[in-house]
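Peer 1: So that we are looking at the same thing, I have put the structure below in C-alpha cells.
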Amino acid sequence: MKTRQVDVAVIGSGTAGMTAHKAARLQGKRVLMIESGPYGTTCARVGCMPSKLLIAAAEAAHAVAAAPGFGVHPGSVRIDGKQVMHRVRSERDRFVGFVLDGIDAIADEEKLRGHARFIGPGKLQVGEHSIVEATSIVIASGSTPIVPPEWQAAGERVITSDAVFEWTDLPSSVAVVGSGVIGLELGQALARLGVRVTLFARGNNVAQLTDPLVLQEAGAVLARELDIRFQTSVAHVEKTPDGSAIALTSRYAAGQEKTEQFEYLLAAIGRRPNVDQLGLETAQIALDRHGIPLYDPHTMQCGQSAIFIAGDADNALALLPEAADEGRIAGDNAARFPDVKPSLRRTPLTIAFTEPQIATLGATYRQLCASHAGRFAVGAVSFGNQGRSRVMLQNQGLLRVYAQFGSQRLLGAELIGPRAEHLSHLLAWACQAQLTVPALLDMPFYHPVIEEGVRTALRELALHLAKDPEHAPGCADCSPGV
C-alpha cells in the first residue's frame, strides 16, 4: 500500500471536482483528484448536453407538425431514429472530448484512479493500492439515478437517462416514471420523435414548480400533448416472457390498476448522492438523517472540519452552474483552511427545456409562504393572449412574480411559457441586483416582444404592493399551506 501526502484531496472529477481542483491549484497547493468511474462530467456524458441534442431533434419534428397552423403545409415527414441517435451520440462524444482534454491537461501525478473512502478525518484509502493523507478534503462524488430494487429485477428493459444516450435507434414505446425535469424533457422529446410515451407521476408535481396556479397551468398545458398520468403509481414491473418488453402495472389514486406493455421503462424519479460508500462514519463530521454531511452553503465546509463538499453530493440543487460554484468555493476554502471565508452564492435559477419551458428563480412560492407569509405580493400574466406569443403560436403558460411589501424588492418568480429560459435570466439578474418592482418598470421594453408579458405581470404586482398587505387582492393565497 503506497502512502501519498497532499494539501488537498478531491474525491470526484465531475464539474464540482474539476472546479475544486483548479481553485486549489490556483493557490499553489499540492492537489490530488481521485476518480473511480469514467472521466467526463455528468452534464457532458449523460445530462444537459445530450438531452438538449435530443430535444433539438424533437423541436425540428414539432416545427414541421406545427407549420400548418401558419398556412404552411410540408410534405410527408419521416423520422430516422438511427440518424437522430447518431447525431446525439456523435455530438455528445464531441462535448465529452472537450472535458477529457481538460482532464488530460492535469498532470498525471495529480490524478489517482480508484474508489476513495475515509479511514480517518484527514485520511483516505483508495482502492487496495493507496493511502492518501490530506490537510483538507473535498467531497465531489456526484450522484446516481435512483432505480428501486423491485424494478431492477425486470432487467435491462428498465433504464435510466444514462442509457438513453447509448441507443443507436429510437424505441417504439417508453414508460417514463417521474415528472421532474429529466422525465418531462426526455418524455416530451421522445413523444415528438414518434415514440409512444406515457408518463407516470405519483403526485401532481411538474418539474421544479411549487406555485399551485403555475403547477395547475403546467399540468394542463403539457397534458394537451403528452400522455401524463398524475396521481398514478407503479404497482408492479416485470419483463414479458419473450424479453422484448416490460409489463407495467400502474395504480391510480382511487385504487384501479391497469397493465400495459412498453419497450422500456425509463426511471426518472430522482438521483441519490454518492456518499454511502465513502466511509463518512470515520470522518468525524455530522450527517443528516439521509447520511449527507451537514455543511455551510456559503463556505461548503462540513462543520468546523477540514472536509468540504460540493456538487450533487450535497443533495441540494443538482445543476451544473451550482456544481461549478460550489466546487470553486469548496476548493478555494480547502486550500486556505483554516482561514475559511464565505463566498458569493448566486440567485437560484432552474430551467426545464420542455415546450413551453419551465423556470423558477430566486425564492420559490413555497419558500416565501414559509419565510414571508402575508408579507409578499404576487403579480401574474397569462401567455394565452400575449401578443408576441400569439404571433408565434406559442401562446400557452403562466408567469407569477413575487415581491416584498415595504421594500418592493423582487424576490422570485415561477413560470411556464415561451422562451422562459430568457425571461428567467432577466428576472434572476433583477433578483440578484436587488431591484425593486418600480425600478424594473422603468426599464425599456420593446414591442412586440415576449418580455412585454413580464411588464404586465410587474404592473399587476406594483398595484398589489401599493395596497395594505391585509387588503391586497389575492393575498390570501400567500399564506402557508395553500
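Each chain in the C-alpha cells gets a letter, A, B and so on, in the order shown; residues start at 1 in every chain, and ligands are counted from 1 in the order they appear.
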Using only C-alpha atoms, determine which residues lie at most 12 Å from Gly187 in chain A, disregarding the query and same-chain residues fewer than 6 positions distant; provide the list as a ChimeraX atom specification.
Peer 2: /A:51,54-55,58,161,164,173-181,193-200,222-223,225-228,265-268,353-355
Peer 1: For the residues in the current selection, export N, CA and C atoms as a short mmCIF file (atom, residue, chain, number, x, y, z; two decimals), in the first residue's frame.
Peer 2:
```
data_model
loop_
_atom_site.label_atom_id
_atom_site.label_comp_id
_atom_site.auth_asym_id
_atom_site.auth_seq_id
_atom_site.Cartn_x
_atom_site.Cartn_y
_atom_site.Cartn_z
N SER A 51 -29.10 15.57 -23.69
CA SER A 51 -30.55 15.75 -23.64
C SER A 51 -30.99 16.90 -24.53
N LEU A 54 -31.17 15.74 -28.12
CA LEU A 54 -32.40 15.01 -28.41
C LEU A 54 -33.58 15.98 -28.51
N ILE A 55 -33.61 16.97 -27.61
CA ILE A 55 -34.69 17.96 -27.63
C ILE A 55 -34.64 18.78 -28.92
N ALA A 58 -36.27 16.88 -31.57
CA ALA A 58 -37.71 16.87 -31.34
C ALA A 58 -38.34 18.19 -31.74
N SER A 161 -31.76 7.64 -17.48
CA SER A 161 -31.42 8.55 -18.57
C SER A 161 -30.03 8.28 -19.12
N VAL A 164 -30.29 6.11 -22.22
CA VAL A 164 -30.96 6.67 -23.40
C VAL A 164 -29.95 7.10 -24.45
N SER A 173 -41.73 2.37 -27.90
CA SER A 173 -42.52 2.85 -26.77
C SER A 173 -41.67 2.93 -25.52
N VAL A 174 -42.00 3.91 -24.65
CA VAL A 174 -41.28 4.10 -23.40
C VAL A 174 -42.27 4.55 -22.32
N ALA A 175 -42.21 3.91 -21.17
CA ALA A 175 -42.92 4.39 -19.99
C ALA A 175 -41.94 5.22 -19.19
N VAL A 176 -42.26 6.48 -18.97
CA VAL A 176 -41.41 7.37 -18.19
C VAL A 176 -42.03 7.52 -16.80
N VAL A 177 -41.29 7.17 -15.78
CA VAL A 177 -41.80 7.27 -14.42
C VAL A 177 -41.09 8.43 -13.73
N GLY A 178 -41.86 9.48 -13.43
CA GLY A 178 -41.31 10.67 -12.80
C GLY A 178 -41.60 11.90 -13.63
N SER A 179 -42.12 12.94 -12.98
CA SER A 179 -42.47 14.18 -13.69
C SER A 179 -41.55 15.32 -13.32
N GLY A 180 -40.32 14.99 -12.96
CA GLY A 180 -39.31 16.01 -12.74
C GLY A 180 -38.75 16.50 -14.07
N VAL A 181 -37.71 17.29 -14.01
CA VAL A 181 -37.13 17.88 -15.21
C VAL A 181 -36.70 16.81 -16.21
N LEU A 193 -40.73 12.70 -31.33
CA LEU A 193 -39.98 11.96 -32.34
C LEU A 193 -40.68 10.66 -32.72
N GLY A 194 -41.94 10.53 -32.34
CA GLY A 194 -42.74 9.41 -32.79
C GLY A 194 -42.77 8.21 -31.87
N VAL A 195 -42.15 8.30 -30.70
CA VAL A 195 -42.17 7.20 -29.74
C VAL A 195 -43.48 7.28 -28.93
N ARG A 196 -44.12 6.13 -28.71
CA ARG A 196 -45.30 6.11 -27.83
C ARG A 196 -44.82 6.26 -26.39
N VAL A 197 -45.19 7.36 -25.76
CA VAL A 197 -44.70 7.68 -24.42
C VAL A 197 -45.88 7.86 -23.47
N THR A 198 -45.80 7.24 -22.32
CA THR A 198 -46.72 7.51 -21.22
C THR A 198 -45.89 7.89 -20.01
N LEU A 199 -46.26 9.00 -19.38
CA LEU A 199 -45.51 9.48 -18.22
C LEU A 199 -46.36 9.28 -16.97
N PHE A 200 -45.79 8.60 -15.99
CA PHE A 200 -46.48 8.32 -14.73
C PHE A 200 -45.91 9.19 -13.62
N LEU A 222 -49.04 20.71 -20.60
CA LEU A 222 -48.25 19.56 -21.03
C LEU A 222 -49.14 18.38 -21.38
N ALA A 223 -50.26 18.24 -20.66
CA ALA A 223 -51.16 17.10 -20.92
C ALA A 223 -51.88 17.23 -22.26
N GLU A 225 -50.45 17.63 -24.97
CA GLU A 225 -49.59 16.98 -25.96
C GLU A 225 -49.09 15.63 -25.50
N LEU A 226 -48.88 15.47 -24.20
CA LEU A 226 -48.23 14.28 -23.67
C LEU A 226 -49.20 13.48 -22.81
N ASP A 227 -49.12 12.17 -22.91
CA ASP A 227 -49.95 11.30 -22.08
C ASP A 227 -49.36 11.26 -20.68
N ILE A 228 -49.85 12.14 -19.81
CA ILE A 228 -49.35 12.22 -18.43
C ILE A 228 -50.42 11.67 -17.50
N LEU A 265 -38.84 0.93 -19.67
CA LEU A 265 -39.28 1.79 -18.57
C LEU A 265 -38.11 2.70 -18.24
N LEU A 266 -38.32 4.00 -18.34
CA LEU A 266 -37.29 4.98 -18.01
C LEU A 266 -37.55 5.49 -16.60
N ALA A 267 -36.68 5.14 -15.67
CA ALA A 267 -36.81 5.58 -14.28
C ALA A 267 -36.23 6.99 -14.17
N ALA A 268 -37.11 7.93 -13.85
CA ALA A 268 -36.70 9.34 -13.70
C ALA A 268 -37.28 9.89 -12.42
N PHE A 353 -36.23 22.35 -20.11
CA PHE A 353 -36.30 22.65 -21.53
C PHE A 353 -37.41 21.86 -22.21
N THR A 354 -38.57 21.88 -21.59
CA THR A 354 -39.77 21.38 -22.23
C THR A 354 -40.29 22.47 -23.17
N GLU A 355 -41.42 22.22 -23.80
CA GLU A 355 -42.08 23.29 -24.54
C GLU A 355 -43.55 23.29 -24.15
#
```
Peer 1: Quick one: contact table of range 84-149 of chain A to range 17-32 of chain A, 8 Å max, nearest atom pair and distance in Å to one decimal per residue, counting only C-alpha atoms, chain and number order, as JSON lines?
Peer 2:
```
{"residue": "A:Glu109", "atom": "CA", "partner": "A:Leu32", "partner_atom": "CA", "distance": 7.6}
{"residue": "A:Glu110", "atom": "CA", "partner": "A:Leu32", "partner_atom": "CA", "distance": 4.5}
{"residue": "A:Lys111", "atom": "CA", "partner": "A:Leu32", "partner_atom": "CA", "distance": 5.6}
{"residue": "A:Leu112", "atom": "CA", "partner": "A:Leu32", "partner_atom": "CA", "distance": 7.0}
{"residue": "A:Val138", "atom": "CA", "partner": "A:Ala20", "partner_atom": "CA", "distance": 7.5}
{"residue": "A:Ile139", "atom": "CA", "partner": "A:Gly17", "partner_atom": "CA", "distance": 7.9}
{"residue": "A:Ala140", "atom": "CA", "partner": "A:Gly17", "partner_atom": "CA", "distance": 5.2}
{"residue": "A:Ser141", "atom": "CA", "partner": "A:Gly17", "partner_atom": "CA", "distance": 7.7}
```
Peer 1: Excluding range 35-43 of chain A and residues on its chain fewer than 4 positions from it, collect all residues at most 8 Å away from it, counting only C-alpha atoms, and give them as a list in words.
Peer 2: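 Counting only C-alpha atoms, the residues come to Ile11, Gly12, Ser13, Gly14, Thr15, Gly47, Cys48, Met49, Val96, Val99, Leu100, Ile103, Lys111, Leu112, Arg113, Gly114, His115, Ala116 and Leu320 of chain A.
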Peer 1: Using only C-alpha atoms, can you tell me which of A:Val8, A:Leu53, A:Ala439, A:Met85 comes closest to Gly122 in chain A?
Peer 2: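 Residue with the minimum atom-to-atom distance to Gly122 in chain A: A:Val8.
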Peer 1: Gly69 in chain A: which residues within 12 Å, counting only C-alpha atoms, same-chain residues fewer than 3 positions away excluded, as a short mmCIF file (atom, residue, chain, number, x, y, z; two decimals) with N, CA, C and O atoms, in the first residue's frame?
Peer 2:
```cif
data_model
loop_
_atom_site.label_atom_id
_atom_site.label_comp_id
_atom_site.auth_asym_id
_atom_site.auth_seq_id
_atom_site.Cartn_x
_atom_site.Cartn_y
_atom_site.Cartn_z
N HIS A 62 -41.33 18.83 -34.37
CA HIS A 62 -42.55 19.54 -33.94
C HIS A 62 -42.81 20.77 -34.80
O HIS A 62 -43.97 21.11 -35.08
N ALA A 63 -41.74 21.45 -35.23
CA ALA A 63 -41.91 22.63 -36.08
C ALA A 63 -42.62 22.27 -37.38
O ALA A 63 -43.47 23.01 -37.87
N VAL A 64 -42.27 21.10 -37.93
CA VAL A 64 -42.93 20.64 -39.15
C VAL A 64 -44.41 20.34 -38.87
O VAL A 64 -45.30 20.72 -39.64
N ALA A 65 -44.67 19.70 -37.74
CA ALA A 65 -46.05 19.35 -37.39
C ALA A 65 -46.89 20.59 -37.12
O ALA A 65 -48.10 20.60 -37.38
N ALA A 66 -46.26 21.66 -36.60
CA ALA A 66 -46.99 22.87 -36.26
C ALA A 66 -47.13 23.83 -37.43
O ALA A 66 -47.92 24.78 -37.37
N VAL A 72 -48.63 26.89 -43.68
CA VAL A 72 -47.51 26.23 -44.37
C VAL A 72 -47.72 24.73 -44.27
O VAL A 72 -47.78 24.18 -43.17
N HIS A 73 -47.80 24.05 -45.42
CA HIS A 73 -48.12 22.63 -45.42
C HIS A 73 -46.98 21.83 -46.03
O HIS A 73 -46.88 21.70 -47.25
N PRO A 74 -46.11 21.30 -45.19
CA PRO A 74 -44.99 20.49 -45.70
C PRO A 74 -45.46 19.14 -46.18
O PRO A 74 -46.59 18.70 -45.91
N ARG A 390 -48.78 34.91 -29.30
CA ARG A 390 -49.80 34.53 -30.28
C ARG A 390 -49.25 34.56 -31.69
O ARG A 390 -49.58 33.70 -32.52
N VAL A 391 -48.41 35.52 -31.98
CA VAL A 391 -47.80 35.61 -33.31
C VAL A 391 -47.06 34.32 -33.64
O VAL A 391 -47.11 33.81 -34.76
N MET A 392 -46.37 33.75 -32.64
CA MET A 392 -45.55 32.56 -32.84
C MET A 392 -46.32 31.26 -32.62
O MET A 392 -45.74 30.19 -32.70
N LEU A 393 -47.62 31.36 -32.32
CA LEU A 393 -48.43 30.20 -31.97
C LEU A 393 -47.83 29.45 -30.77
O LEU A 393 -47.84 28.22 -30.71
N GLN A 394 -47.30 30.22 -29.84
CA GLN A 394 -46.74 29.66 -28.61
C GLN A 394 -47.42 30.29 -27.40
O GLN A 394 -46.80 30.47 -26.35
#
```
Peer 1: How would you write, as a VMD selection string, the set of residues in range 410-472 of chain A that DSSP gives as alpha helix (DSSP H)?
Peer 2: chain A and resid 420 to 432 437 to 441 451 to 465
Peer 1: I want to know what sits within 10 Å of Arg87 in chain A, based on only C-alpha atoms, with residues of the same chain fewer than 5 positions away left out; could you give that as a ChimeraX atom specification?
Peer 2: /A:50,53-54,57,82,92-93,168
Peer 1: Go ahead and save the picked residues with N, CA, C and O atoms, as a short mmCIF file (atom, residue, chain, number, x, y, z; two decimals), in the first residue's frame.
Peer 2:
```cif
data_model
loop_
_atom_site.label_atom_id
_atom_site.label_comp_id
_atom_site.auth_asym_id
_atom_site.auth_seq_id
_atom_site.Cartn_x
_atom_site.Cartn_y
_atom_site.Cartn_z
N PRO A 50 -26.34 16.01 -24.01
CA PRO A 50 -27.02 15.05 -24.89
C PRO A 50 -28.54 15.18 -24.85
O PRO A 50 -29.22 14.97 -25.86
N LEU A 53 -29.51 17.83 -27.24
CA LEU A 53 -29.40 17.35 -28.62
C LEU A 53 -30.65 16.58 -29.02
O LEU A 53 -31.18 16.75 -30.13
N LEU A 54 -31.17 15.74 -28.12
CA LEU A 54 -32.40 15.01 -28.41
C LEU A 54 -33.58 15.98 -28.51
O LEU A 54 -34.43 15.85 -29.40
N ALA A 57 -33.67 17.80 -31.87
CA ALA A 57 -34.26 16.98 -32.93
C ALA A 57 -35.78 16.97 -32.81
O ALA A 57 -36.51 17.06 -33.81
N LYS A 82 -32.33 6.15 -36.33
CA LYS A 82 -30.90 5.87 -36.30
C LYS A 82 -30.09 7.14 -36.56
O LYS A 82 -29.06 7.37 -35.92
N ARG A 92 -22.51 14.30 -28.59
CA ARG A 92 -22.23 14.02 -27.18
C ARG A 92 -20.75 13.70 -26.98
O ARG A 92 -20.08 14.22 -26.09
N ASP A 93 -20.25 12.83 -27.86
CA ASP A 93 -18.84 12.44 -27.75
C ASP A 93 -17.92 13.65 -27.95
O ASP A 93 -16.84 13.73 -27.35
N THR A 168 -28.88 3.28 -30.29
CA THR A 168 -28.49 3.52 -31.69
C THR A 168 -29.72 3.75 -32.57
O THR A 168 -29.60 4.10 -33.74
#
```
Peer 1: Quick one: distance from CA of Ala428 in chain A to CA of Pro348 in chain A in Å, one decimal?
Peer 2: 7.6 Å
Peer 1: Might you pull out every residue within 12 Å of Arg117 in chain A, with only C-alpha atoms counted and same-chain residues fewer than 2 positions away left off, and present them as a PyMOL selection string?
Peer 2: chain A and resi 9-12+34-36+114-115+119-128+130-133+137+139+141+274-283
Peer 1: I want to know what sits within 12 Å of His372 in chain A, based on only C-alpha atoms, with residues of the same chain fewer than 3 positions away left out; could you give that as a list in words?
Peer 2: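 The contact residues come out as Ala363, Thr364, Tyr365, Arg366, Gln367, Leu368, Cys369, Arg375, Phe376, Ala377, Tyr402, Ala403, Gln404, Phe405, Leu411, Pro469, Cys475, Cys478, Ser479 and Pro480 of chain A.
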Peer 1: Quick one, how far is CA of Ala380 in chain A from CA of Glu185 in chain A?
Peer 2: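 Here the two named atoms are 25.0 Å from each other.
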Peer 1: Ranking A:Ala433, A:Leu287, A:Ala207, A:Ala420 by minimum distance to Glu451 in chain A and counting only C-alpha atoms, which one comes first?
Peer 2: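 Smallest separation from Glu451 in chain A among the options: A:Ala420.
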Peer 1: Out of range 49-137 of chain A, which residues get strand (DSSP E or B) from DSSP, as number ranges by chain?
Peer 2: A: 111-113, 116-120, 123-126, 130-137
